[in-house]
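S.K.: I am sharing start-v1.pdb, which consists of PDB, C-alpha atoms, pLDDT in the B column:
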```
ATOM      1  CA  MET A  22       0.000   0.000   0.000  1.00 48.00           C
ATOM      2  CA  ARG A  23       1.300   3.463  -0.894  1.00 53.00           C
ATOM      3  CA  ILE A  24       2.110   5.998   1.826  1.00 49.00           C
ATOM      4  CA  ALA A  25      -0.507   8.419   0.477  1.00 51.00           C
ATOM      5  CA  ASP A  26      -3.149   5.664   0.820  1.00 54.00           C
ATOM      6  CA  LEU A  27      -2.059   4.997   4.403  1.00 47.00           C
ATOM      7  CA  LEU A  28      -2.242   8.695   5.237  1.00 50.00           C
ATOM      8  CA  MET A  29      -5.689   9.013   3.665  1.00 53.00           C
ATOM      9  CA  ARG A  30      -6.922   5.918   5.565  1.00 52.00           C
ATOM     10  CA  ALA A  31      -5.635   7.378   8.832  1.00 48.00           C
ATOM     11  CA  TYR A  32      -7.499  10.640   8.235  1.00 48.00           C
ATOM     12  CA  ASP A  33     -10.639   8.854   7.060  1.00 50.00           C
ATOM     13  CA  GLU A  34     -10.662   6.771  10.254  1.00 48.00           C
ATOM     14  CA  ARG A  35      -9.991   9.806  12.462  1.00 44.00           C
ATOM     15  CA  ASP A  36     -12.989  11.773  11.234  1.00 40.00           C
ATOM     16  CA  PRO A  37     -14.830  10.438   8.175  1.00 37.00           C
ATOM     17  CA  ILE A  38     -17.242  13.364   8.034  1.00 35.00           C
ATOM     18  CA  ASN A  39     -15.184  16.547   8.342  1.00 36.00           C
ATOM     19  CA  LEU A  40     -11.873  16.286   6.513  1.00 40.00           C
ATOM     20  CA  HIS A  41     -11.203  20.005   6.092  1.00 45.00           C
ATOM     21  CA  ASN A  42      -8.147  21.433   7.850  1.00 48.00           C
ATOM     22  CA  GLN A  43      -7.710  18.630  10.385  1.00 46.00           C
ATOM     23  CA  GLY A  44      -4.227  19.798  11.301  1.00 48.00           C
ATOM     24  CA  GLU A  45      -4.956  23.425  12.105  1.00 51.00           C
ATOM     25  CA  ASP A  46      -3.955  23.051  15.746  1.00 53.00           C
ATOM     26  CA  SER A  47      -0.617  21.421  14.932  1.00 58.00           C
ATOM     27  CA  MET A  48       0.856  24.042  12.611  1.00 73.00           C
ATOM     28  CA  ASN A  49       1.564  27.735  12.341  1.00 86.00           C
ATOM     29  CA  LYS A  50      -1.530  29.318  10.763  1.00 91.00           C
ATOM     30  CA  ASP A  51       0.471  32.507  10.137  1.00 93.00           C
ATOM     31  CA  ASN A  52       3.131  30.691   8.105  1.00 95.00           C
ATOM     32  CA  LEU A  53       3.558  32.659   4.888  1.00 96.00           C
ATOM     33  CA  ALA A  54       3.636  29.589   2.635  1.00 97.00           C
ATOM     34  CA  TYR A  55       0.485  28.191   4.258  1.00 97.00           C
ATOM     35  CA  GLN A  56      -1.260  31.527   3.707  1.00 96.00           C
ATOM     36  CA  MET A  57      -0.128  31.454   0.059  1.00 97.00           C
ATOM     37  CA  SER A  58      -1.548  27.929  -0.319  1.00 97.00           C
ATOM     38  CA  LEU A  59      -4.899  29.202   0.974  1.00 96.00           C
ATOM     39  CA  ARG A  60      -4.736  32.185  -1.378  1.00 97.00           C
ATOM     40  CA  SER A  61      -3.986  29.835  -4.284  1.00 97.00           C
ATOM     41  CA  ARG A  62      -6.997  27.686  -3.308  1.00 96.00           C
ATOM     42  CA  GLY A  63      -9.154  30.812  -3.237  1.00 96.00           C
ATOM     43  CA  TYR A  64      -8.011  31.864  -6.705  1.00 97.00           C
ATOM     44  CA  LEU A  65      -8.795  28.351  -7.986  1.00 94.00           C
ATOM     45  CA  ASN A  66     -12.325  28.648  -6.605  1.00 94.00           C
ATOM     46  CA  THR A  67     -12.976  32.112  -8.044  1.00 95.00           C
ATOM     47  CA  LYS A  68     -11.184  31.442 -11.352  1.00 95.00           C
ATOM     48  CA  ASP A  69      -9.020  34.516 -10.776  1.00 97.00           C
ATOM     49  CA  LYS A  70      -6.244  33.811 -13.268  1.00 98.00           C
ATOM     50  CA  ASP A  71      -4.543  37.196 -12.826  1.00 98.00           C
ATOM     51  CA  GLY A  72      -4.595  36.846  -9.049  1.00 98.00           C
ATOM     52  CA  TRP A  73      -3.192  33.319  -9.216  1.00 98.00           C
ATOM     53  CA  LEU A  74      -0.422  34.327 -11.615  1.00 98.00           C
ATOM     54  CA  SER A  75       0.451  37.395  -9.503  1.00 98.00           C
ATOM     55  CA  MET A  76       1.399  35.153  -6.561  1.00 98.00           C
ATOM     56  CA  TRP A  77       4.524  33.882  -8.309  1.00 98.00           C
ATOM     57  CA  ALA A  78       8.130  34.996  -8.023  1.00 98.00           C
ATOM     58  CA  GLU A  79       9.822  35.476 -11.400  1.00 97.00           C
ATOM     59  CA  GLU A  80      11.751  32.198 -10.998  1.00 96.00           C
ATOM     60  CA  GLY A  81       8.841  30.265  -9.425  1.00 98.00           C
ATOM     61  CA  ILE A  82       8.360  26.663 -10.529  1.00 98.00           C
ATOM     62  CA  ILE A  83       5.309  24.402 -10.698  1.00 98.00           C
ATOM     63  CA  GLU A  84       5.887  20.653 -10.577  1.00 98.00           C
ATOM     64  CA  ASP A  85       2.376  19.172 -10.463  1.00 97.00           C
ATOM     65  CA  PRO A  86       2.907  16.288 -10.420  1.00 97.00           C
ATOM     66  CA  ILE A  87       6.637  15.923  -9.987  1.00 97.00           C
ATOM     67  CA  GLY A  88       8.445  14.186 -12.843  1.00 96.00           C
ATOM     68  CA  PRO A  89       7.661  13.382 -16.460  1.00 96.00           C
ATOM     69  CA  THR A  90       3.955  12.998 -17.317  1.00 94.00           C
ATOM     70  CA  MET A  91       1.738  14.015 -20.198  1.00 92.00           C
ATOM     71  CA  LEU A  92       1.277  17.313 -18.281  1.00 91.00           C
ATOM     72  CA  ASP A  93       5.065  17.910 -18.289  1.00 94.00           C
ATOM     73  CA  PRO A  94       6.742  15.467 -20.711  1.00 94.00           C
ATOM     74  CA  ASP A  95      10.332  16.426 -19.857  1.00 95.00           C
ATOM     75  CA  GLY A  96       9.612  16.516 -16.111  1.00 95.00           C
ATOM     76  CA  GLN A  97      11.395  19.847 -15.639  1.00 96.00           C
ATOM     77  CA  GLY A  98       8.411  21.787 -14.300  1.00 97.00           C
ATOM     78  CA  HIS A  99       6.853  25.037 -15.434  1.00 97.00           C
ATOM     79  CA  CYS A 100       9.304  27.766 -14.449  1.00 96.00           C
ATOM     80  CA  THR A 101       8.679  30.892 -16.515  1.00 97.00           C
ATOM     81  CA  PRO A 102       5.754  33.322 -16.438  1.00 98.00           C
ATOM     82  CA  ALA A 103       4.608  32.026 -19.852  1.00 98.00           C
ATOM     83  CA  ALA A 104       4.884  28.395 -18.743  1.00 97.00           C
ATOM     84  CA  ARG A 105       2.916  29.065 -15.538  1.00 98.00           C
ATOM     85  CA  GLU A 106       0.205  30.838 -17.541  1.00 98.00           C
ATOM     86  CA  ALA A 107       0.033  27.890 -19.960  1.00 97.00           C
ATOM     87  CA  PHE A 108      -0.223  25.525 -16.954  1.00 97.00           C
ATOM     88  CA  TYR A 109      -3.169  27.559 -15.667  1.00 97.00           C
ATOM     89  CA  ASP A 110      -4.875  27.586 -19.071  1.00 96.00           C
ATOM     90  CA  ARG A 111      -4.463  23.809 -19.551  1.00 93.00           C
ATOM     91  CA  ASN A 112      -5.164  22.576 -16.036  1.00 93.00           C
ATOM     92  CA  ILE A 113      -7.147  25.114 -14.055  1.00 95.00           C
ATOM     93  CA  ALA A 114      -9.202  27.267 -16.439  1.00 95.00           C
ATOM     94  CA  ASN A 115     -11.357  24.382 -17.677  1.00 92.00           C
ATOM     95  CA  ALA A 116     -11.860  22.726 -14.274  1.00 94.00           C
ATOM     96  CA  ASN A 117     -13.706  23.193 -11.021  1.00 96.00           C
ATOM     97  CA  ILE A 118     -11.347  22.035  -8.289  1.00 96.00           C
ATOM     98  CA  GLU A 119     -12.368  21.283  -4.729  1.00 96.00           C
ATOM     99  CA  TYR A 120      -9.095  21.513  -2.762  1.00 96.00           C
ATOM    100  CA  ILE A 121      -9.530  19.735   0.576  1.00 97.00           C
ATOM    101  CA  ILE A 122      -6.696  20.159   3.061  1.00 96.00           C
ATOM    102  CA  HIS A 123      -6.592  17.256   5.518  1.00 96.00           C
ATOM    103  CA  ASP A 124      -3.470  18.323   7.373  1.00 95.00           C
ATOM    104  CA  THR A 125      -0.618  20.810   7.052  1.00 96.00           C
ATOM    105  CA  PHE A 126       2.959  20.911   8.233  1.00 96.00           C
ATOM    106  CA  THR A 127       4.815  24.211   8.228  1.00 96.00           C
ATOM    107  CA  SER A 128       8.445  25.212   8.518  1.00 95.00           C
ATOM    108  CA  HIS A 129       9.966  28.636   7.899  1.00 95.00           C
ATOM    109  CA  LEU A 130       8.847  29.745   4.401  1.00 97.00           C
ATOM    110  CA  GLU A 131       7.389  26.384   3.355  1.00 97.00           C
ATOM    111  CA  CYS A 132       4.408  24.178   4.010  1.00 97.00           C
ATOM    112  CA  ALA A 133       3.200  20.722   3.023  1.00 97.00           C
ATOM    113  CA  ASN A 134      -0.524  20.128   2.680  1.00 97.00           C
ATOM    114  CA  ILE A 135      -2.011  16.630   2.636  1.00 97.00           C
ATOM    115  CA  VAL A 136      -4.737  17.140   0.061  1.00 97.00           C
ATOM    116  CA  THR A 137      -7.578  15.606  -1.884  1.00 97.00           C
ATOM    117  CA  LEU A 138      -8.440  17.324  -5.149  1.00 97.00           C
ATOM    118  CA  ASN A 139     -11.931  16.589  -6.472  1.00 97.00           C
ATOM    119  CA  VAL A 140     -11.827  17.823 -10.038  1.00 97.00           C
ATOM    120  CA  LEU A 141     -14.693  18.365 -12.469  1.00 96.00           C
ATOM    121  CA  LEU A 142     -13.420  19.291 -15.911  1.00 92.00           C
ATOM    122  CA  ASP A 143     -14.662  19.973 -19.417  1.00 89.00           C
ATOM    123  CA  MET A 144     -12.868  18.178 -22.253  1.00 87.00           C
ATOM    124  CA  GLY A 145     -14.163  18.109 -25.798  1.00 88.00           C
ATOM    125  CA  GLY A 146     -17.663  19.167 -24.775  1.00 89.00           C
ATOM    126  CA  LYS A 147     -17.961  16.416 -22.151  1.00 93.00           C
ATOM    127  CA  LYS A 148     -17.681  16.569 -18.372  1.00 95.00           C
ATOM    128  CA  TYR A 149     -15.323  14.343 -16.417  1.00 96.00           C
ATOM    129  CA  SER A 150     -14.521  13.884 -12.748  1.00 97.00           C
ATOM    130  CA  GLN A 151     -11.212  12.922 -11.228  1.00 96.00           C
ATOM    131  CA  GLN A 152      -9.808  12.573  -7.731  1.00 97.00           C
ATOM    132  CA  VAL A 153      -6.184  13.171  -6.798  1.00 97.00           C
ATOM    133  CA  ASN A 154      -4.762  12.416  -3.357  1.00 97.00           C
ATOM    134  CA  GLY A 155      -1.323  13.711  -2.553  1.00 97.00           C
ATOM    135  CA  VAL A 156       0.977  16.044  -0.727  1.00 98.00           C
ATOM    136  CA  PHE A 157       1.364  19.538  -2.154  1.00 98.00           C
ATOM    137  CA  THR A 158       4.260  21.655  -0.973  1.00 98.00           C
ATOM    138  CA  TYR A 159       4.507  25.420  -1.259  1.00 98.00           C
ATOM    139  CA  ALA A 160       7.649  27.514  -0.843  1.00 98.00           C
ATOM    140  CA  CYS A 161       7.843  31.276  -0.944  1.00 97.00           C
ATOM    141  CA  ASN A 162      10.431  33.989  -0.623  1.00 97.00           C
ATOM    142  CA  ALA A 163      10.569  36.636   2.110  1.00 94.00           C
ATOM    143  CA  GLU A 164       8.634  39.016  -0.177  1.00 96.00           C
ATOM    144  CA  GLY A 165       5.659  36.660  -0.086  1.00 95.00           C
ATOM    145  CA  LYS A 166       5.917  35.324  -3.638  1.00 98.00           C
ATOM    146  CA  LEU A 167       5.705  31.632  -4.449  1.00 98.00           C
ATOM    147  CA  THR A 168       8.985  30.072  -5.518  1.00 98.00           C
ATOM    148  CA  ALA A 169       7.698  26.496  -5.795  1.00 98.00           C
ATOM    149  CA  LEU A 170       4.530  24.431  -5.899  1.00 98.00           C
ATOM    150  CA  ARG A 171       5.271  20.705  -5.970  1.00 98.00           C
ATOM    151  CA  GLY A 172       2.630  17.986  -6.192  1.00 98.00           C
ATOM    152  CA  PHE A 173       3.559  14.577  -4.826  1.00 97.00           C
ATOM    153  CA  TRP A 174       1.029  12.295  -6.514  1.00 97.00           C
ATOM    154  CA  GLU A 175       1.139   9.543  -9.101  1.00 95.00           C
ATOM    155  CA  PHE A 176      -0.231  10.674 -12.460  1.00 94.00           C
ATOM    156  CA  ASP A 177      -1.372   7.176 -13.466  1.00 95.00           C
ATOM    157  CA  GLU A 178      -3.334   6.769 -10.228  1.00 95.00           C
ATOM    158  CA  GLY A 179      -5.077  10.104 -10.738  1.00 94.00           C
ATOM    159  CA  ALA A 180      -5.778   9.275 -14.380  1.00 94.00           C
ATOM    160  CA  ALA A 181      -7.325   5.953 -13.330  1.00 96.00           C
ATOM    161  CA  THR A 182     -10.068   7.859 -11.455  1.00 96.00           C
ATOM    162  CA  LEU A 183     -11.032   9.914 -14.531  1.00 96.00           C
ATOM    163  CA  LYS A 184     -14.601   9.144 -15.539  1.00 96.00           C
ATOM    164  CA  GLU A 185     -17.243  10.798 -17.659  1.00 96.00           C
ATOM    165  CA  VAL A 186     -20.164  12.266 -15.733  1.00 94.00           C
ATOM    166  CA  ASP A 187     -23.615  13.284 -16.854  1.00 83.00           C
ATOM    167  CA  ALA A 188     -23.817  16.884 -18.026  1.00 62.00           C
ATOM    168  CA  ALA A 189     -27.233  17.334 -16.389  1.00 57.00           C
TER     169      ALA A 189
END
```
Show this structure as structure tokens.
M.R.:
Amino acid sequence: MRIADLLMRAYDERDPINLHNQGEDSMNKDNLAYQMSLRSRGYLNTKDKDGWLSMWAEEGIIEDPIGPTMLDPDGQGHCTPAAREAFYDRNIANANIEYIIHDTFTSHLECANIVTLNVLLDMGGKKYSQQVNGVFTYACNAEGKLTALRGFWEFDEGAATLKEVDAA
């Protein structure tokens, strides 16, 4: 069994009804990276592309997921303003993403969120759902700009949950 599955089972057994922000008491709520992760989640919900893009430092990198996949064939991440905008247009603009934080660990200018993403997306005029479970880390600089967003999840496992849903 994968570590992510074990973590998810532990949180499911702890409180199967309310999985939002379970770890709030065990981390620094004022941590800058944690606050940036919440801001990013807010921009996802409101579809605020300009706001989301404005969070990034010039050299900021997105690796979501980490390594080579069809989302990032060379596995080098998206590390320029144009590449981050293209990432948004391909992966966020056409989707509704419920970003559930189960727990968070913070340290200095970084945080790691244990997350479930429930994704509803439009592709070719059809609607699909997908679920991704993973750990998403955020790092920022002292000026409050994101320098890294890294998604620790297996692309093939997320793709296996992709299913067409009724448009009604």
S.K.: Name the residues that the PyMOL selection byres ((chain A and resi 171) around 9) pulls out of this structure, and write them as a ChimeraX atom specification.
M.R.: /A:82-87,98,156-160,169-170,172-173
S.K.: Considering only C-alpha atoms, can you say which of A:Phe176, A:Tyr64, A:Trp77, A:Tyr55 comes closest to Ala104 (chain A)?
M.R.: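 Under the stated criterion, the closest residue is A:Trp77.
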S.K.: Give me, please, the distance in Å between CA of Ser128 (chain A) and CA of Asn52 (chain A), quoted to one decimal.
M.R.: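 Separating CA of Ser128 (chain A) from CA of Asn52 (chain A) is a distance of 7.6 Å.
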S.K.: Just how far from CA of Arg60 (chain A) is CA of Trp73 (chain A), in Å to one decimal?
M.R.: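 Distance reported for this atom pair: 8.1 Å.
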S.K.: Using the chain letters and numbers from the file, which residues does the PyMOL selection byres ((chain A and resi 165) around 12) grab, as JSON, numbers by chain?
M.R.: {"A": [52, 53, 54, 55, 56, 57, 58, 60, 75, 76, 77, 78, 81, 130, 131, 159, 160, 161, 162, 163, 164, 166, 167, 168, 169]}
S.K.: Let me make sure I understand: among A:Ile118, A:Ala107, A:Met48, A:Leu141, which one has the smallest atom-to-atom distance to Leu92 (chain A) if we use all atoms listed in the file?
M.R.: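 Using all atoms listed in the file, the shortest distance to Leu92 (chain A) belongs to A:Ala107.
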S.K.: I'd like the neighbourhood of region 178-183 of chain A as a list of chain:residue names, where a residue qualifies if any of its atoms comes within 10 Å (using all atoms listed in the file), though same-chain residues fewer than 6 positions away should be ignored.
M.R.: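 Near region 178-183 of chain A, the qualifying residues are A:Leu138, A:Val140, A:Leu141, A:Leu142, A:Tyr149, A:Ser150, A:Gln151, A:Gln152, A:Val153, A:Asn154, A:Gly155.
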S.K.: With a distance cut-off of 12 Å and all atoms listed in the file, select the neighbouring residues of Met144 (chain A), excluding the residue or stretch itself and same-chain residues fewer than 5 positions from it, and output the selection as a ChimeraX atom specification.
M.R.: /A:111-112,114-116,149-150,183-186,188
S.K.: What is the CA of Ile121 (chain A)-CA of Asn139 (chain A) distance in Å, reported with one decimal?
M.R.: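 CA of Asn139 (chain A) lies at a distance of 8.1 Å from CA of Ile121 (chain A).
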S.K.: Got a sec: who's within 9 Å of Asn66 (chain A), counting only C-alpha atoms, leaving out chain neighbours fewer than 3 positions off, as a list in words?
M.R.: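 Once the nearby chain positions are removed, what remains is Ser61, Arg62, Gly63, Asp69, Asn117, Ile118, Glu119 and Tyr120 of chain A.
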S.K.: With C-alpha atoms retained, write the just-selected residues as a tab-separated table (two decimals), in the frame of the given file.
M.R.:
```tsv
chain	number	residue	atom	x	y	z
A	61	SER	CA	-3.99	29.84	-4.28
A	62	ARG	CA	-7.00	27.69	-3.31
A	63	GLY	CA	-9.15	30.81	-3.24
A	69	ASP	CA	-9.02	34.52	-10.78
A	117	ASN	CA	-13.71	23.19	-11.02
A	118	ILE	CA	-11.35	22.04	-8.29
A	119	GLU	CA	-12.37	21.28	-4.73
A	120	TYR	CA	-9.10	21.51	-2.76
```
S.K.: Determine the residue set returned by the PyMOL selection byres ((chain A and resi 125) around 6) for the present structure, and present it as number ranges by chain.
M.R.: A: 44, 124, 126, 133-134
S.K.: Please extract region 75-113 of chain A and write it out with N, CA and C atoms, as a PDB file, in the first residue's frame.
M.R.:
```
ATOM      1  N   SER A  75      -0.266  36.332 -10.215  1.00  0.00           N
ATOM      2  CA  SER A  75       0.451  37.395  -9.503  1.00  0.00           C
ATOM      3  C   SER A  75       1.131  36.895  -8.232  1.00  0.00           C
ATOM      4  N   MET A  76       0.813  35.699  -7.789  1.00  0.00           N
ATOM      5  CA  MET A  76       1.399  35.153  -6.561  1.00  0.00           C
ATOM      6  C   MET A  76       2.837  34.684  -6.756  1.00  0.00           C
ATOM      7  N   TRP A  77       3.272  34.555  -8.008  1.00  0.00           N
ATOM      8  CA  TRP A  77       4.524  33.882  -8.309  1.00  0.00           C
ATOM      9  C   TRP A  77       5.729  34.816  -8.378  1.00  0.00           C
ATOM     10  N   ALA A  78       6.841  34.344  -7.811  1.00  0.00           N
ATOM     11  CA  ALA A  78       8.130  34.996  -8.023  1.00  0.00           C
ATOM     12  C   ALA A  78       8.547  34.741  -9.466  1.00  0.00           C
ATOM     13  N   GLU A  79       9.381  35.600 -10.003  1.00  0.00           N
ATOM     14  CA  GLU A  79       9.822  35.476 -11.400  1.00  0.00           C
ATOM     15  C   GLU A  79      10.351  34.073 -11.699  1.00  0.00           C
ATOM     16  N   GLU A  80      11.129  33.509 -10.779  1.00  0.00           N
ATOM     17  CA  GLU A  80      11.751  32.198 -10.998  1.00  0.00           C
ATOM     18  C   GLU A  80      10.915  31.042 -10.463  1.00  0.00           C
ATOM     19  N   GLY A  81       9.679  31.305 -10.020  1.00  0.00           N
ATOM     20  CA  GLY A  81       8.841  30.265  -9.425  1.00  0.00           C
ATOM     21  C   GLY A  81       8.605  29.076 -10.350  1.00  0.00           C
ATOM     22  N   ILE A  82       8.526  27.889  -9.755  1.00  0.00           N
ATOM     23  CA  ILE A  82       8.360  26.663 -10.529  1.00  0.00           C
ATOM     24  C   ILE A  82       7.141  25.870 -10.041  1.00  0.00           C
ATOM     25  N   ILE A  83       6.418  25.309 -10.986  1.00  0.00           N
ATOM     26  CA  ILE A  83       5.309  24.402 -10.698  1.00  0.00           C
ATOM     27  C   ILE A  83       5.731  23.012 -11.157  1.00  0.00           C
ATOM     28  N   GLU A  84       5.680  22.064 -10.247  1.00  0.00           N
ATOM     29  CA  GLU A  84       5.887  20.653 -10.577  1.00  0.00           C
ATOM     30  C   GLU A  84       4.669  19.906 -10.043  1.00  0.00           C
ATOM     31  N   ASP A  85       3.658  19.738 -10.886  1.00  0.00           N
ATOM     32  CA  ASP A  85       2.376  19.172 -10.463  1.00  0.00           C
ATOM     33  C   ASP A  85       1.820  18.289 -11.556  1.00  0.00           C
ATOM     34  N   PRO A  86       2.096  16.960 -11.429  1.00  0.00           N
ATOM     35  CA  PRO A  86       2.907  16.288 -10.420  1.00  0.00           C
ATOM     36  C   PRO A  86       4.396  16.369 -10.750  1.00  0.00           C
ATOM     37  N   ILE A  87       5.194  15.929  -9.807  1.00  0.00           N
ATOM     38  CA  ILE A  87       6.637  15.923  -9.987  1.00  0.00           C
ATOM     39  C   ILE A  87       7.024  14.838 -10.991  1.00  0.00           C
ATOM     40  N   GLY A  88       7.917  15.161 -11.899  1.00  0.00           N
ATOM     41  CA  GLY A  88       8.445  14.186 -12.843  1.00  0.00           C
ATOM     42  C   GLY A  88       7.740  14.215 -14.185  1.00  0.00           C
ATOM     43  N   PRO A  89       8.234  13.418 -15.112  1.00  0.00           N
ATOM     44  CA  PRO A  89       7.661  13.382 -16.460  1.00  0.00           C
ATOM     45  C   PRO A  89       6.256  12.771 -16.478  1.00  0.00           C
ATOM     46  N   THR A  90       5.318  13.480 -17.080  1.00  0.00           N
ATOM     47  CA  THR A  90       3.955  12.998 -17.317  1.00  0.00           C
ATOM     48  C   THR A  90       3.475  13.668 -18.594  1.00  0.00           C
ATOM     49  N   MET A  91       2.264  13.340 -19.019  1.00  0.00           N
ATOM     50  CA  MET A  91       1.738  14.015 -20.198  1.00  0.00           C
ATOM     51  C   MET A  91       1.494  15.503 -19.916  1.00  0.00           C
ATOM     52  N   LEU A  92       1.430  15.898 -18.635  1.00  0.00           N
ATOM     53  CA  LEU A  92       1.277  17.313 -18.281  1.00  0.00           C
ATOM     54  C   LEU A  92       2.607  18.058 -18.361  1.00  0.00           C
ATOM     55  N   ASP A  93       3.716  17.336 -18.270  1.00  0.00           N
ATOM     56  CA  ASP A  93       5.065  17.910 -18.289  1.00  0.00           C
ATOM     57  C   ASP A  93       6.020  16.839 -18.814  1.00  0.00           C
ATOM     58  N   PRO A  94       6.012  16.606 -20.135  1.00  0.00           N
ATOM     59  CA  PRO A  94       6.742  15.467 -20.711  1.00  0.00           C
ATOM     60  C   PRO A  94       8.218  15.378 -20.346  1.00  0.00           C
ATOM     61  N   ASP A  95       8.908  16.514 -20.205  1.00  0.00           N
ATOM     62  CA  ASP A  95      10.332  16.426 -19.857  1.00  0.00           C
ATOM     63  C   ASP A  95      10.555  16.403 -18.347  1.00  0.00           C
ATOM     64  N   GLY A  96       9.512  16.598 -17.562  1.00  0.00           N
ATOM     65  CA  GLY A  96       9.612  16.516 -16.111  1.00  0.00           C
ATOM     66  C   GLY A  96      10.416  17.622 -15.464  1.00  0.00           C
ATOM     67  N   GLN A  97      10.580  18.739 -16.157  1.00  0.00           N
ATOM     68  CA  GLN A  97      11.395  19.847 -15.639  1.00  0.00           C
ATOM     69  C   GLN A  97      10.571  20.911 -14.918  1.00  0.00           C
ATOM     70  N   GLY A  98       9.255  20.801 -14.953  1.00  0.00           N
ATOM     71  CA  GLY A  98       8.411  21.787 -14.300  1.00  0.00           C
ATOM     72  C   GLY A  98       8.125  22.968 -15.204  1.00  0.00           C
ATOM     73  N   HIS A  99       7.284  23.838 -14.713  1.00  0.00           N
ATOM     74  CA  HIS A  99       6.853  25.037 -15.434  1.00  0.00           C
ATOM     75  C   HIS A  99       7.445  26.230 -14.683  1.00  0.00           C
ATOM     76  N   CYS A 100       8.505  26.838 -15.256  1.00  0.00           N
ATOM     77  CA  CYS A 100       9.304  27.766 -14.449  1.00  0.00           C
ATOM     78  C   CYS A 100       9.511  29.147 -15.081  1.00  0.00           C
ATOM     79  N   THR A 101       8.649  29.528 -15.991  1.00  0.00           N
ATOM     80  CA  THR A 101       8.679  30.892 -16.515  1.00  0.00           C
ATOM     81  C   THR A 101       7.265  31.457 -16.416  1.00  0.00           C
ATOM     82  N   PRO A 102       7.116  32.767 -16.463  1.00  0.00           N
ATOM     83  CA  PRO A 102       5.754  33.322 -16.438  1.00  0.00           C
ATOM     84  C   PRO A 102       4.865  32.740 -17.544  1.00  0.00           C
ATOM     85  N   ALA A 103       5.405  32.580 -18.750  1.00  0.00           N
ATOM     86  CA  ALA A 103       4.608  32.026 -19.852  1.00  0.00           C
ATOM     87  C   ALA A 103       4.235  30.572 -19.586  1.00  0.00           C
ATOM     88  N   ALA A 104       5.157  29.805 -19.033  1.00  0.00           N
ATOM     89  CA  ALA A 104       4.884  28.395 -18.743  1.00  0.00           C
ATOM     90  C   ALA A 104       3.843  28.254 -17.634  1.00  0.00           C
ATOM     91  N   ARG A 105       3.914  29.117 -16.612  1.00  0.00           N
ATOM     92  CA  ARG A 105       2.916  29.065 -15.538  1.00  0.00           C
ATOM     93  C   ARG A 105       1.543  29.458 -16.066  1.00  0.00           C
ATOM     94  N   GLU A 106       1.489  30.452 -16.954  1.00  0.00           N
ATOM     95  CA  GLU A 106       0.205  30.838 -17.541  1.00  0.00           C
ATOM     96  C   GLU A 106      -0.358  29.695 -18.392  1.00  0.00           C
ATOM     97  N   ALA A 107       0.480  29.035 -19.155  1.00  0.00           N
ATOM     98  CA  ALA A 107       0.033  27.890 -19.960  1.00  0.00           C
ATOM     99  C   ALA A 107      -0.457  26.766 -19.056  1.00  0.00           C
ATOM    100  N   PHE A 108       0.221  26.531 -17.926  1.00  0.00           N
ATOM    101  CA  PHE A 108      -0.223  25.525 -16.954  1.00  0.00           C
ATOM    102  C   PHE A 108      -1.627  25.874 -16.467  1.00  0.00           C
ATOM    103  N   TYR A 109      -1.841  27.125 -16.118  1.00  0.00           N
ATOM    104  CA  TYR A 109      -3.169  27.559 -15.667  1.00  0.00           C
ATOM    105  C   TYR A 109      -4.207  27.299 -16.756  1.00  0.00           C
ATOM    106  N   ASP A 110      -3.909  27.719 -17.971  1.00  0.00           N
ATOM    107  CA  ASP A 110      -4.875  27.586 -19.071  1.00  0.00           C
ATOM    108  C   ASP A 110      -5.209  26.125 -19.357  1.00  0.00           C
ATOM    109  N   ARG A 111      -4.239  25.234 -19.251  1.00  0.00           N
ATOM    110  CA  ARG A 111      -4.463  23.809 -19.551  1.00  0.00           C
ATOM    111  C   ARG A 111      -5.093  23.045 -18.399  1.00  0.00           C
ATOM    112  N   ASN A 112      -4.799  23.426 -17.165  1.00  0.00           N
ATOM    113  CA  ASN A 112      -5.164  22.576 -16.036  1.00  0.00           C
ATOM    114  C   ASN A 112      -6.143  23.184 -15.042  1.00  0.00           C
ATOM    115  N   ILE A 113      -6.294  24.478 -15.045  1.00  0.00           N
ATOM    116  CA  ILE A 113      -7.147  25.114 -14.055  1.00  0.00           C
ATOM    117  C   ILE A 113      -8.353  25.784 -14.700  1.00  0.00           C
TER     118      ILE A 113
END
```
